[in-house]
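Shown here: data21.pdb, PDB, C-alpha atoms.
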ATOM      1  CA  GLY A   1      10.082   3.878   2.131
ATOM      2  CA  LEU A   2       9.301   0.426   3.345
ATOM      3  CA  ASP A   3      10.580  -2.461   1.269
ATOM      4  CA  GLY A   4       7.578  -3.371  -0.783
ATOM      5  CA  TYR A   5       5.325  -1.445   1.641
ATOM      6  CA  PHE A   6       3.341  -4.625   1.811
ATOM      7  CA  SER A   7       3.492  -7.677  -0.369
ATOM      8  CA  SER A   8       1.479  -9.985   1.804
ATOM      9  CA  GLU A   9      -0.223  -9.809   5.172
ATOM     10  CA  SER A  10       2.251 -12.167   6.817
ATOM     11  CA  TYR A  11       5.258 -10.217   5.488
ATOM     12  CA  SER A  12       3.807  -6.899   6.607
ATOM     13  CA  THR A  13       2.677  -7.945  10.049
ATOM     14  CA  ILE A  14       5.849  -9.817  10.971
ATOM     15  CA  SER A  15       8.745  -8.341   8.989
ATOM     16  CA  ALA A  16       7.954  -4.862   7.726
ATOM     17  CA  VAL A  17       6.405  -3.245  10.779
ATOM     18  CA  ALA A  18       9.120  -1.864  13.009
ATOM     19  CA  GLY A  19       8.664   0.048  16.216
ATOM     20  CA  LEU A  20       5.379  -1.429  17.422
ATOM     21  CA  GLU A  21       5.211  -2.064  21.144
ATOM     22  CA  GLY A  22       2.708  -3.635  23.460
ATOM     23  CA  PRO A  23       2.209  -5.597  26.646
ATOM     24  CA  SER A  24       2.200  -8.915  24.772
ATOM     25  CA  PRO A  25       3.036 -10.431  21.401
ATOM     26  CA  THR A  26      -0.705 -10.728  20.752
ATOM     27  CA  ALA A  27      -1.185  -6.974  21.271
ATOM     28  CA  VAL A  28       1.705  -6.163  18.925
ATOM     29  CA  LEU A  29       0.337  -8.536  16.291
ATOM     30  CA  ALA A  30      -3.092  -6.889  16.578
ATOM     31  CA  GLN A  31      -1.495  -3.473  15.994
ATOM     32  CA  ALA A  32       0.428  -4.831  13.015
ATOM     33  CA  LYS A  33      -2.715  -6.302  11.482
ATOM     34  CA  GLN A  34      -4.537  -2.993  11.948
ATOM     35  CA  LEU A  35      -1.631  -1.111  10.328
ATOM     36  CA  TYR A  36      -1.573  -3.610   7.450
ATOM     37  CA  GLN A  37      -5.294  -3.076   6.821
ATOM     38  CA  GLN A  38      -4.908   0.709   6.949
ATOM     39  CA  ARG A  39      -2.020   0.604   4.455
ATOM     40  CA  ARG A  40      -3.949  -1.705   2.181
ATOM     41  CA  ASP A  41      -6.980   0.604   2.308
ATOM     42  CA  ASP A  42      -4.793   3.659   1.588
ATOM     43  CA  VAL A  43      -3.278   1.995  -1.475
ATOM     44  CA  ARG A  44      -6.667   0.754  -2.660
ATOM     45  CA  SER A  45      -8.199   4.229  -2.331
ATOM     46  CA  PHE A  46      -5.300   5.777  -4.270
ATOM     47  CA  VAL A  47      -5.686   3.283  -7.091
ATOM     48  CA  LYS A  48      -9.456   3.804  -7.176
ATOM     49  CA  GLY A  49      -8.927   7.576  -7.288
ATOM     50  CA  ASP A  50     -10.871   8.436  -4.142
ATOM     51  CA  ILE A  51      -8.016   8.876  -1.667
ATOM     52  CA  LYS A  52      -8.534  11.276   1.242
ATOM     53  CA  ASP A  53      -5.975  13.791   2.495
ATOM     54  CA  THR A  54      -5.214  11.762   5.622
ATOM     55  CA  ALA A  55      -4.420   8.656   3.564
ATOM     56  CA  SER A  56      -2.251  10.694   1.180
ATOM     57  CA  ALA A  57      -0.392  12.084   4.177
ATOM     58  CA  ARG A  58       0.292   8.558   5.490
ATOM     59  CA  LEU A  59       1.649   7.452   2.099
ATOM     60  CA  ALA A  60       3.841  10.569   1.950
ATOM     61  CA  ALA A  61       5.099  10.012   5.519
ATOM     62  CA  ASP A  62       6.129   6.478   4.532
ATOM     63  CA  HIS A  63       7.880   7.862   1.406
ATOM     64  CA  VAL A  64       5.709   5.825  -0.983
ATOM     65  CA  ARG A  65       6.530   6.902  -4.544
ATOM     66  CA  TRP A  66       5.268   3.954  -6.594
ATOM     67  CA  ILE A  67       2.386   1.513  -6.362
ATOM     68  CA  ALA A  68       2.636  -1.672  -8.405
ATOM     69  CA  VAL A  69      -0.355  -3.930  -8.880
ATOM     70  CA  SER A  70       0.196  -7.440 -10.208
ATOM     71  CA  GLY A  71      -1.145 -10.949 -10.177
ATOM     72  CA  SER A  72      -4.727 -11.628  -9.220
ATOM     73  CA  ALA A  73      -5.183  -8.021  -8.031
ATOM     74  CA  LEU A  74      -5.090  -6.933 -11.670
ATOM     75  CA  GLN A  75      -8.305  -8.823 -12.336
ATOM     76  CA  SER A  76     -10.273  -6.645  -9.939
ATOM     77  CA  LEU A  77      -8.466  -3.392 -10.746
ATOM     78  CA  SER A  78     -10.797  -0.557 -11.606
ATOM     79  CA  SER A  79      -8.842   2.670 -11.477
ATOM     80  CA  SER A  80      -9.536   6.270 -12.312
ATOM     81  CA  GLU A  81      -5.828   7.012 -11.843
ATOM     82  CA  THR A  82      -3.615   7.059 -14.920
ATOM     83  CA  PRO A  83      -0.902   4.391 -14.711
ATOM     84  CA  TRP A  84       2.716   5.403 -15.197
ATOM     85  CA  ARG A  85       3.397   2.052 -16.905
ATOM     86  CA  LYS A  86       1.151  -0.850 -17.796
ATOM     87  CA  THR A  87       1.713  -4.345 -19.164
ATOM     88  CA  HIS A  88      -0.368  -7.513 -19.189
ATOM     89  CA  GLU A  89       1.261  -8.518 -15.906
ATOM     90  CA  VAL A  90       1.679  -5.311 -13.906
ATOM     91  CA  VAL A  91       0.328  -1.776 -13.561
ATOM     92  CA  VAL A  92       2.581   0.839 -11.958
ATOM     93  CA  PHE A  93       1.287   4.119 -10.554
ATOM     94  CA  ARG A  94       3.603   6.993  -9.698
ATOM     95  CA  LEU A  95       2.611   9.148  -6.741
ATOM     96  CA  SER A  96       3.316  12.836  -7.041
ATOM     97  CA  ARG A  97       6.077  14.225  -4.890
TER      98      ARG A  97
END

Is it possible to express this structure as structure tokens?
Amino acid sequence: GLDGYFSSESYSTISAVAGLEGPSPTAVLAQAKQLYQQRRDDVRSFVKGDIKDTASARLAADHVRWIAVSGSALQSLSSSETPWRKTHEVVVFRLSR
């Protein structure tokens, strides 16, 4: 899968998104930002437990096997999914294969 899938918007839009093409750097950046938002929404919906088949298919296509939630995101975490591991600092979810 992608290294870290996304760890921050700037990392995802500049470093982790390969293969995007467009007529200008602005167009490529717009595509990358859209892809970042879609990935973020897919992960959020998995964690919340209301993921749709299309989002699951995207995660599977990107070979996502684990989702780790840490830092300030833990404060707002409300999940119906059962974590694989959980500490005070991180929650790890394992996606089925």

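If you look at atom CA of A:Arg39 and atom CA of A:His88, they are 25.1 Å away from each other.
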
Quick one: everything within 7 Å of A:Trp84, counting only C-alpha atoms, minus sequence neighbours fewer than 2 positions away in the same chain. Send it as JSON, numbers by chain.
{"A": [82, 86, 92, 93, 94]}

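Distance annotation: of A:Ala55, A:Ala61, A:Ile67, A:Ala73, the residue with the minimal separation from A:Asp42 is A:Ala55; atom set is only C-alpha atoms.
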
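Interatomic distance, atom CA of A:Asp50 to atom CA of A:Glu81: 9.3 Å.
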
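One distance worth recording is that between atom CA of A:Leu20 and atom CA of A:Asp41, which is 19.6 Å.
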
Any chance you could work out the residue set of the PyMOL selection byres ((chain A and resi 59) around 10) here, as number ranges by chain?
A: 1, 5, 39, 42-43, 46, 53-58, 60-65, 95

Nearest to A:Arg40, chosen from A:Ser80, A:Ser96, A:Val69, A:Val90, with all atoms listed in the file counted in the distances:
A:Val69
